[in-house]
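Note: the block below is target.cif and it holds mmCIF, C-alpha atoms.
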```cif
data_start
#
loop_
_atom_site.label_atom_id
_atom_site.label_comp_id
_atom_site.auth_asym_id
_atom_site.auth_seq_id
_atom_site.Cartn_x
_atom_site.Cartn_y
_atom_site.Cartn_z
CA MET A 110 229.30 105.92 4.57
CA LYS A 111 226.33 107.53 6.26
CA ILE A 112 223.29 105.75 7.64
CA ASN A 113 220.38 106.83 9.81
CA TYR A 114 220.51 105.02 13.13
CA ASN A 115 217.61 105.46 15.57
CA GLY A 116 216.88 108.95 14.31
CA SER A 117 220.44 110.23 14.00
CA THR A 118 222.73 110.31 10.97
CA ILE A 119 226.01 108.58 11.69
CA GLU A 120 229.14 107.61 9.80
CA ILE A 121 230.05 103.93 9.61
CA LYS A 122 232.77 102.03 7.77
CA ASP A 123 232.07 100.29 4.47
CA ASN A 124 231.18 96.59 4.24
CA LEU A 125 229.78 96.49 7.74
CA THR A 126 227.25 93.80 8.51
CA LEU A 127 224.31 94.41 10.79
CA HIS A 128 225.82 91.86 13.19
CA SER A 129 229.11 93.74 13.37
CA PHE A 130 227.28 97.03 13.77
CA VAL A 131 225.38 95.68 16.77
CA LEU A 132 228.61 94.34 18.26
CA GLU A 133 230.28 97.72 17.87
CA LEU A 134 227.40 99.28 19.76
CA GLN A 135 227.97 96.77 22.59
CA LEU A 136 224.28 95.94 22.81
CA GLU A 137 222.79 93.02 24.71
CA SER A 138 221.58 90.91 21.81
CA ARG A 139 219.30 88.76 23.96
CA THR A 140 216.68 91.45 24.07
CA ILE A 141 217.02 93.46 20.89
CA ALA A 142 215.55 93.41 17.41
CA ALA A 143 216.52 95.37 14.31
CA ALA A 144 214.63 96.84 11.41
CA VAL A 145 216.20 98.29 8.26
CA ASN A 146 214.08 100.63 6.19
CA GLU A 147 211.14 99.58 8.41
CA GLN A 148 211.54 95.88 7.62
CA ILE A 149 212.51 93.59 10.46
CA VAL A 150 215.76 91.72 9.78
CA PRO A 151 215.73 88.33 11.54
CA LYS A 152 218.70 87.81 13.87
CA LYS A 153 219.76 84.73 11.94
CA ASN A 154 220.40 86.95 8.92
CA TRP A 155 222.42 89.69 10.65
CA GLU A 156 225.80 88.21 9.75
CA LYS A 157 224.93 88.20 6.06
CA PHE A 158 223.14 91.57 5.99
CA TYR A 159 225.45 94.33 4.74
CA LEU A 160 224.53 97.91 5.54
CA GLN A 161 224.36 100.32 2.60
CA GLU A 162 224.62 104.08 2.24
CA GLY A 163 221.44 105.86 3.26
CA MET A 164 219.80 102.92 5.02
CA THR A 165 217.59 103.62 8.02
CA VAL A 166 218.49 101.28 10.83
CA ASP A 167 216.32 101.09 13.93
CA ILE A 168 217.27 98.93 16.86
CA PHE A 169 214.69 98.16 19.49
CA ASN A 170 214.97 96.84 22.98
CA LEU A 171 212.56 95.43 25.53
CA VAL A 172 212.40 98.07 28.24
CA ALA A 173 210.52 98.85 31.42
CA GLY A 174 206.90 99.67 30.81
CA GLY A 175 203.63 98.21 32.06
CA MET B 74 193.43 69.31 42.30
CA THR B 75 195.66 72.39 42.49
CA ASP B 76 194.24 75.80 41.69
CA LYS B 77 196.75 76.99 39.12
CA LEU B 78 196.37 79.76 36.60
CA THR B 79 196.52 78.46 33.04
CA LEU B 80 197.41 80.88 30.26
CA ALA B 81 198.26 79.88 26.69
CA GLY B 82 198.69 76.28 27.74
CA LYS B 83 201.10 76.99 30.60
CA SER B 84 200.35 76.77 34.33
CA TYR B 85 201.38 79.19 37.03
CA ASP B 86 201.09 79.21 40.82
CA SER B 87 200.74 82.96 41.03
CA ARG B 88 197.77 84.89 39.67
CA LEU B 89 199.60 88.19 39.81
CA ILE B 90 201.24 89.68 36.74
CA ILE B 91 203.50 92.66 37.17
CA GLY B 92 204.18 95.63 34.98
CA THR B 93 207.78 96.78 34.92
CA GLY B 94 207.43 100.54 34.55
CA LYS B 95 208.48 103.22 37.04
CA TYR B 96 210.99 101.19 39.03
CA ALA B 97 214.19 102.99 39.89
CA SER B 98 216.36 100.12 38.68
CA GLY B 99 216.30 96.64 37.26
CA GLU B 100 217.59 95.37 40.58
CA ILE B 101 214.63 96.77 42.53
CA LEU B 102 212.26 95.48 39.88
CA ALA B 103 213.69 91.97 40.19
CA LYS B 104 213.41 92.05 43.99
CA ALA B 105 209.85 93.35 43.83
CA CYS B 106 208.97 90.65 41.34
CA LYS B 107 210.35 88.02 43.67
CA GLU B 108 208.44 89.40 46.69
CA SER B 109 205.23 89.57 44.70
CA GLY B 110 205.53 85.92 43.69
CA ALA B 111 204.61 86.91 40.16
CA GLN B 112 205.78 84.56 37.45
CA ILE B 113 204.76 86.72 34.50
CA ALA B 114 205.90 90.25 33.72
CA THR B 115 205.12 92.65 30.92
CA MET B 116 207.50 95.10 29.29
CA ALA B 117 207.51 97.53 26.38
CA VAL B 118 209.32 97.63 23.04
CA LYS B 119 211.16 100.87 22.32
CA ARG B 120 213.90 102.18 20.07
CA ILE B 121 217.17 102.18 21.96
CA ASP B 122 218.24 105.56 23.28
CA THR B 123 221.42 106.22 21.29
CA LYS B 124 222.90 108.31 24.09
CA ASP B 125 222.16 105.90 26.92
CA HIS B 126 222.59 102.18 26.52
CA THR B 127 221.52 101.37 30.05
CA ASP B 128 217.90 100.82 29.08
CA GLU B 129 218.29 97.07 29.55
CA ILE B 130 216.42 95.68 32.57
CA VAL B 131 214.90 92.51 31.18
CA SER B 132 217.91 90.24 31.69
CA PRO B 133 217.37 89.90 35.48
CA LEU B 134 213.81 88.71 34.78
CA LEU B 135 215.03 86.26 32.17
CA ASP B 136 217.54 84.92 34.67
CA MET B 137 214.74 84.40 37.22
CA GLY B 138 212.77 82.33 34.73
CA ILE B 139 209.93 84.84 34.52
CA GLN B 140 207.52 84.40 31.62
CA LEU B 141 207.85 87.53 29.53
CA MET B 142 204.75 89.16 28.12
CA PRO B 143 205.93 92.01 25.86
CA ASN B 144 203.40 94.73 25.19
CA THR B 145 202.75 97.18 22.40
CA SER B 146 202.37 100.29 24.54
CA GLY B 147 203.11 103.40 22.56
CA ALA B 148 201.34 102.04 19.51
CA LYS B 149 198.76 104.47 18.19
CA ASN B 150 197.10 102.11 15.76
CA ALA B 151 196.90 98.48 14.69
CA LYS B 152 199.81 98.76 12.23
CA GLU B 153 202.18 100.02 14.92
CA ALA B 154 200.97 97.40 17.40
CA ILE B 155 201.54 94.61 14.89
CA PHE B 156 205.05 95.92 14.14
CA ALA B 157 205.86 96.14 17.86
CA ALA B 158 204.61 92.59 18.38
CA GLN B 159 206.79 91.28 15.57
CA LEU B 160 209.81 93.12 16.95
CA ALA B 161 209.20 91.66 20.40
CA ARG B 162 208.92 88.14 19.01
CA GLU B 163 212.13 88.59 17.06
CA ALA B 164 213.95 90.07 20.06
CA LEU B 165 212.91 87.50 22.65
CA GLU B 166 211.73 84.46 20.65
CA VAL B 167 208.56 84.67 22.75
CA ASP B 168 205.18 84.65 21.05
CA TRP B 169 203.16 86.15 23.88
CA ILE B 170 201.99 89.68 23.25
CA LYS B 171 199.86 92.08 25.25
CA VAL B 172 198.18 94.31 22.70
CA GLU B 173 197.94 97.87 23.95
CA VAL B 174 196.78 100.57 21.59
CA HIS B 175 196.05 103.85 23.34
CA PRO B 176 196.44 106.90 21.12
CA ASP B 177 194.69 109.04 23.75
CA VAL B 178 197.52 110.42 25.90
CA LYS B 179 195.31 111.99 28.57
CA TYR B 180 193.44 108.94 29.80
CA LEU B 181 195.47 106.21 28.06
CA LEU B 182 192.23 104.44 27.27
CA PRO B 183 192.57 101.61 24.77
CA ASP B 184 191.23 102.05 21.25
CA PRO B 185 188.83 99.12 20.77
CA ILE B 186 188.77 99.17 16.98
CA GLU B 187 192.53 99.31 16.42
CA THR B 188 193.02 96.76 19.20
CA PHE B 189 190.60 94.35 17.55
CA LYS B 190 192.23 94.81 14.13
CA ALA B 191 195.69 94.15 15.57
CA CYS B 192 194.48 91.07 17.47
CA GLU B 193 192.92 89.59 14.31
CA VAL B 194 196.22 89.80 12.45
CA LEU B 195 198.35 88.63 15.35
CA CYS B 196 196.14 85.65 16.22
CA LYS B 197 196.41 84.46 12.59
CA ASP B 198 200.18 84.97 12.74
CA GLY B 199 200.48 82.51 15.62
CA PHE B 200 200.89 84.92 18.51
CA LYS B 201 199.45 84.23 21.95
CA VAL B 202 197.42 87.42 22.19
CA PHE B 203 196.36 89.21 25.38
CA PRO B 204 194.37 92.36 24.51
CA TYR B 205 194.18 95.27 26.92
CA ILE B 206 190.71 96.79 26.56
CA ASN B 207 188.01 98.73 28.29
CA ALA B 208 185.58 96.68 30.36
CA ASP B 209 183.31 96.02 27.41
CA PRO B 210 181.55 92.64 27.59
CA VAL B 211 180.64 92.66 23.89
CA LEU B 212 184.19 93.42 22.78
CA CYS B 213 185.48 90.68 25.05
CA LYS B 214 183.28 88.08 23.35
CA ARG B 215 184.29 89.29 19.89
CA LEU B 216 187.96 88.97 20.86
CA GLU B 217 187.33 85.54 22.29
CA ASP B 218 185.81 84.51 18.95
CA ILE B 219 188.99 85.42 17.05
CA GLY B 220 191.18 83.34 19.34
CA VAL B 221 192.79 85.55 21.99
CA CYS B 222 194.29 83.69 24.96
CA ALA B 223 192.66 85.90 27.57
CA VAL B 224 191.03 89.29 27.86
CA MET B 225 192.47 92.12 29.93
CA PRO B 226 189.72 94.60 30.81
CA LEU B 227 190.70 97.65 32.80
CA GLY B 228 189.57 98.44 36.32
CA SER B 229 190.23 102.17 35.87
CA PRO B 230 192.70 104.27 33.83
CA ILE B 231 196.38 103.29 33.86
CA GLY B 232 198.20 104.68 36.88
CA SER B 233 195.04 106.20 38.39
CA ALA B 234 195.00 103.76 41.34
CA ARG B 235 191.21 104.12 41.44
CA GLY B 236 190.56 100.43 41.70
CA LEU B 237 187.60 98.72 40.07
CA ASP B 238 185.59 101.66 38.68
CA THR B 239 184.23 99.26 36.07
CA LEU B 240 183.08 96.67 38.62
CA SER B 241 179.63 95.93 37.22
CA MET B 242 180.97 95.37 33.70
CA LEU B 243 183.84 93.25 35.01
CA LYS B 244 181.34 90.96 36.72
CA ILE B 245 179.48 90.47 33.44
CA ILE B 246 182.72 89.79 31.57
CA ILE B 247 183.84 87.22 34.13
CA ARG B 248 180.46 85.52 34.18
CA GLU B 249 180.27 85.18 30.38
CA SER B 250 183.90 84.60 29.41
CA HIS B 251 185.29 81.29 28.15
CA VAL B 252 188.86 82.58 28.28
CA PRO B 253 190.78 83.77 31.34
CA VAL B 254 190.01 87.29 32.50
CA ILE B 255 192.98 89.33 33.67
CA ILE B 256 191.96 92.59 35.30
CA ASP B 257 194.52 95.16 34.27
CA ALA B 258 195.07 98.87 35.04
CA GLY B 259 193.95 100.97 37.95
CA ILE B 260 194.53 98.38 40.67
CA GLY B 261 195.68 100.78 43.38
CA SER B 262 195.90 98.68 46.51
CA PRO B 263 196.02 95.08 47.68
CA SER B 264 192.35 95.39 48.66
CA ASP B 265 191.54 96.18 45.03
CA ALA B 266 193.33 93.00 44.04
CA VAL B 267 191.43 91.04 46.68
CA LYS B 268 188.18 92.40 45.25
CA ALA B 269 189.23 91.49 41.74
CA PHE B 270 189.79 87.89 42.77
CA GLU B 271 186.68 87.75 44.94
CA ILE B 272 184.53 88.51 41.88
CA GLY B 273 186.23 85.69 40.00
CA ALA B 274 189.05 87.24 37.98
CA ASP B 275 191.59 84.67 36.88
CA ALA B 276 194.52 87.05 37.27
CA CYS B 277 195.37 90.64 37.97
CA MET B 278 198.07 92.92 36.58
CA VAL B 279 199.70 95.50 38.85
CA ASN B 280 202.38 98.10 38.14
CA THR B 281 202.03 101.58 39.67
CA ALA B 282 200.62 100.36 42.98
CA ILE B 283 203.89 98.55 43.69
CA ALA B 284 206.39 100.71 41.80
CA ALA B 285 205.11 103.95 43.36
CA ALA B 286 204.71 102.57 46.89
CA GLY B 287 206.72 103.96 49.77
CA ASP B 288 208.21 100.52 50.37
CA GLN B 289 208.06 98.65 47.09
CA LEU B 290 209.17 95.28 48.43
CA LYS B 291 206.68 95.33 51.30
CA MET B 292 203.91 96.35 48.92
CA ALA B 293 204.88 93.57 46.52
CA ARG B 294 204.57 91.12 49.40
CA ALA B 295 201.18 92.59 50.32
CA PHE B 296 199.96 91.98 46.80
CA ASN B 297 201.27 88.45 46.96
CA LEU B 298 199.13 87.84 50.03
CA ALA B 299 196.19 89.67 48.47
CA GLN B 300 196.05 87.46 45.41
CA GLU B 301 196.16 84.41 47.63
CA ALA B 302 193.44 85.70 49.98
CA GLY B 303 191.16 86.93 47.22
CA ARG B 304 191.33 83.71 45.27
CA MET B 305 190.82 81.64 48.40
CA ALA B 306 187.75 83.69 49.30
CA TYR B 307 186.33 83.19 45.83
CA LYS B 308 186.87 79.44 45.96
CA ALA B 309 185.41 79.28 49.49
CA GLY B 310 182.22 80.95 48.31
CA LEU B 311 181.29 84.37 49.66
CA ALA B 312 178.05 84.83 51.59
CA ASP B 313 175.31 86.45 49.51
CA LYS B 314 174.55 90.08 50.13
CA ILE B 315 170.91 90.56 51.18
CA GLU B 316 168.71 93.61 51.73
CA THR B 317 167.56 92.67 55.24
CA SER B 318 169.47 90.88 57.98
CA ARG B 319 170.40 87.42 59.18
CA ALA B 320 170.66 86.94 62.94
CA THR B 321 173.86 85.28 63.99
CA SER B 322 172.87 84.57 67.60
CA PRO B 323 169.58 83.66 69.37
CA MET B 324 169.43 86.91 71.50
CA GLU B 325 165.61 87.27 71.42
CA ALA B 326 164.89 83.80 72.81
CA PHE B 327 167.48 84.26 75.62
CA LEU B 328 165.92 87.52 76.88
CA LYS B 329 162.37 86.12 76.87
CA GLU B 330 163.51 83.16 79.00
CA ALA B 331 165.36 85.42 81.50
CA MET B 332 162.31 87.66 82.02
CA LYS B 333 159.86 84.87 82.94
#
```
Before we go any further, please render this structure as structure tokens.
Amino acid sequence: MKINYNGSTIEIKDNLTLHSFVLELQLESRTIAAAVNEQIVPKKNWEKFYLQEGMTVDIFNLVAGG
Amino acid sequence: MTDKLTLAGKSYDSRLIIGTGKYASGEILAKACKESGAQIATMAVKRIDTKDHTDEIVSPLLDMGIQLMPNTSGAKNAKEAIFAAQLAREALEVDWIKVEVHPDVKYLLPDPIETFKACEVLCKDGFKVFPYINADPVLCKRLEDIGVCAVMPLGSPIGSARGLDTLSMLKIIIRESHVPVIIDAGIGSPSDAVKAFEIGADACMVNTAIAAAGDQLKMARAFNLAQEAGRMAYKAGLADKIETSRATSPMEAFLKEAMK
């Protein structure tokens, strides 16, 4: 199925949780946060949050910047 | 009694806060942070670059035990700043937030109205709020009234290295404030930092002056010494400036005696 991830449309497998999606991206989870359809999804809910067709997923990181 | 900096109920030995932008690598940033003695660092919240996953530089700071102060730079209005703050809290489980709202891309001057609106919401939501603002004494008192942890008035525009252009207003802010005053933006040299502390600032934030220096680690060390010297001078009590003069030796009496 297709989702929008950080501004790009990508194909992902069905029944993927947000947690699994982040793992597949090999992201450092200590410093990231995720929003789906502009709503922040708490990290404690990632394992139970299933991605659906057409969702907009944005993952944010803490980066250099004064 | 030790002279520690107290922010949001926590105490720190250093009165220097560093910004993390413009460093070539996380490794250099960590070394500069160590040389500066800073115990607090600010960083931005951004969407991950899907093509490059090497954005991550915060982990070295976390490993050093640095207090993280995420900021909302890039936010153009209160709504975006609030969202950025909530993302940062979710990402780091830290409730400190430096509110930066500067829609003006030429001077990067902070929008006072959107900043105030964001701070009102975030203070009620339990954040420890540190607003970055122009050196406006009235705005500082209004922010104090809504419960911010400190105020962060600018010395001069971000990255300009022009020092304390706003000196006279900063002095008023410091004199009247009941919350810590952190002079932020435009600090271009260690002597600017010394000046900031000499006038009574509680802390100072520095980014470009270290990150863009020829020798970043040496400059970080210079700022470390500057914050110590400036604060010490303030606590020692500077001599008043006067319009005339004060003789420091009895020259006149000596000459009169010799000519008799």
Next on the checklist: With 9 Å as the limit and counting all atoms listed in the file, what residues in chain B lie close to chain A? Please list them as a ChimeraX atom specification.
Outcome noted: /B:91-96,99,114-123,126,128-132,143-144,146,156,159-165,278-281
Next on the checklist: I'd like the neighbourhood of B:Tyr307 as a list in words, where a residue qualifies if any of its atoms comes within 7 Å (using only C-alpha atoms), though same-chain residues fewer than 5 positions away should be ignored.
Outcome noted: Phe270, Glu271, Ile272 and Gly273 of chain B
Residues of the last selection are to be written out with C-alpha atoms, as an mmCIF file, keeping the file's coordinate frame.
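File written: part16.cif
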```
data_model
loop_
_atom_site.group_PDB
_atom_site.id
_atom_site.type_symbol
_atom_site.label_atom_id
_atom_site.label_comp_id
_atom_site.auth_asym_id
_atom_site.auth_seq_id
_atom_site.Cartn_x
_atom_site.Cartn_y
_atom_site.Cartn_z
ATOM 1 C CA PHE B 270 189.790 87.890 42.770
ATOM 2 C CA GLU B 271 186.680 87.750 44.940
ATOM 3 C CA ILE B 272 184.530 88.510 41.880
ATOM 4 C CA GLY B 273 186.230 85.690 40.000
#
```
Residues picked by the PyMOL selection byres ((chain A and resi 158) around 12) here, as a short mmCIF file (atom, residue, chain, number, x, y, z; two decimals) with C-alpha atoms, in the coordinates of the input?
```cif
data_model
loop_
_atom_site.label_atom_id
_atom_site.label_comp_id
_atom_site.auth_asym_id
_atom_site.auth_seq_id
_atom_site.Cartn_x
_atom_site.Cartn_y
_atom_site.Cartn_z
CA ASN A 124 231.18 96.59 4.24
CA LEU A 125 229.78 96.49 7.74
CA THR A 126 227.25 93.80 8.51
CA LEU A 127 224.31 94.41 10.79
CA HIS A 128 225.82 91.86 13.19
CA SER A 129 229.11 93.74 13.37
CA PHE A 130 227.28 97.03 13.77
CA VAL A 131 225.38 95.68 16.77
CA ALA A 143 216.52 95.37 14.31
CA ALA A 144 214.63 96.84 11.41
CA VAL A 145 216.20 98.29 8.26
CA ILE A 149 212.51 93.59 10.46
CA VAL A 150 215.76 91.72 9.78
CA PRO A 151 215.73 88.33 11.54
CA LYS A 152 218.70 87.81 13.87
CA LYS A 153 219.76 84.73 11.94
CA ASN A 154 220.40 86.95 8.92
CA TRP A 155 222.42 89.69 10.65
CA GLU A 156 225.80 88.21 9.75
CA LYS A 157 224.93 88.20 6.06
CA TYR A 159 225.45 94.33 4.74
CA LEU A 160 224.53 97.91 5.54
CA GLN A 161 224.36 100.32 2.60
CA MET A 164 219.80 102.92 5.02
CA VAL A 166 218.49 101.28 10.83
#
```
Checklist entry - How many Å lie between atom CA of B:Lys190 and atom CA of B:Ala269, rounded to one decimal? => result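 Taking atom CA of B:Lys190 as the start and atom CA of B:Ala269 as the end point, the length is 28.0 Å.
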Item to check | Near-B:Ala276 list (9 Å; all atoms listed in the file; drop same-chain fewer than 2 positions) as a list in words | outcome: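 Result of the neighbour search: Leu78, Ser87, Arg88, Leu89, Ile90, Pro253, Val254, Ile255, Ile256, Asp257, Ala269, Phe270, Gly273, Ala274, Met278 and Gln300 of chain B.
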Checklist entry - Rounded to one decimal in Å, what is the spacing between atom CA of B:Gly261 and atom CA of B:Leu227? => result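 Straight-line distance from atom CA of B:Gly261 to atom CA of B:Leu227 works out to 12.1 Å.
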Checklist entry - Rounded to one decimal in Å, what is the spacing between atom CA of B:Asn297 and atom CA of B:Cys106? => result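 Distance reported for this atom pair: 9.8 Å.
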Do you know which residues the PyMOL selection byres ((chain B and resi 244) around 12) returns on this file, as a compact mmCIF listing (two decimals) with C-alpha atoms, in the coordinates of the input?
```txt
# COMPACT_ATOMS: atom_id res chain seq x y z
CA ALA B 208 185.58 96.68 30.36
CA ASP B 209 183.31 96.02 27.41
CA PRO B 210 181.55 92.64 27.59
CA PRO B 226 189.72 94.60 30.81
CA GLY B 228 189.57 98.44 36.32
CA LEU B 237 187.60 98.72 40.07
CA ASP B 238 185.59 101.66 38.68
CA THR B 239 184.23 99.26 36.07
CA LEU B 240 183.08 96.67 38.62
CA SER B 241 179.63 95.93 37.22
CA MET B 242 180.97 95.37 33.70
CA LEU B 243 183.84 93.25 35.01
CA ILE B 245 179.48 90.47 33.44
CA ILE B 246 182.72 89.79 31.57
CA ILE B 247 183.84 87.22 34.13
CA ARG B 248 180.46 85.52 34.18
CA GLU B 249 180.27 85.18 30.38
CA SER B 250 183.90 84.60 29.41
CA VAL B 254 190.01 87.29 32.50
CA ILE B 256 191.96 92.59 35.30
CA LYS B 268 188.18 92.40 45.25
CA ALA B 269 189.23 91.49 41.74
CA PHE B 270 189.79 87.89 42.77
CA GLU B 271 186.68 87.75 44.94
CA ILE B 272 184.53 88.51 41.88
CA GLY B 273 186.23 85.69 40.00
CA ALA B 274 189.05 87.24 37.98
```
Item to check | Contact residues around A:Glu162 with only C-alpha atoms at 6 Å, ignoring same-chain residues under 6 positions, as a ChimeraX atom specification | outcome: /A:110-112
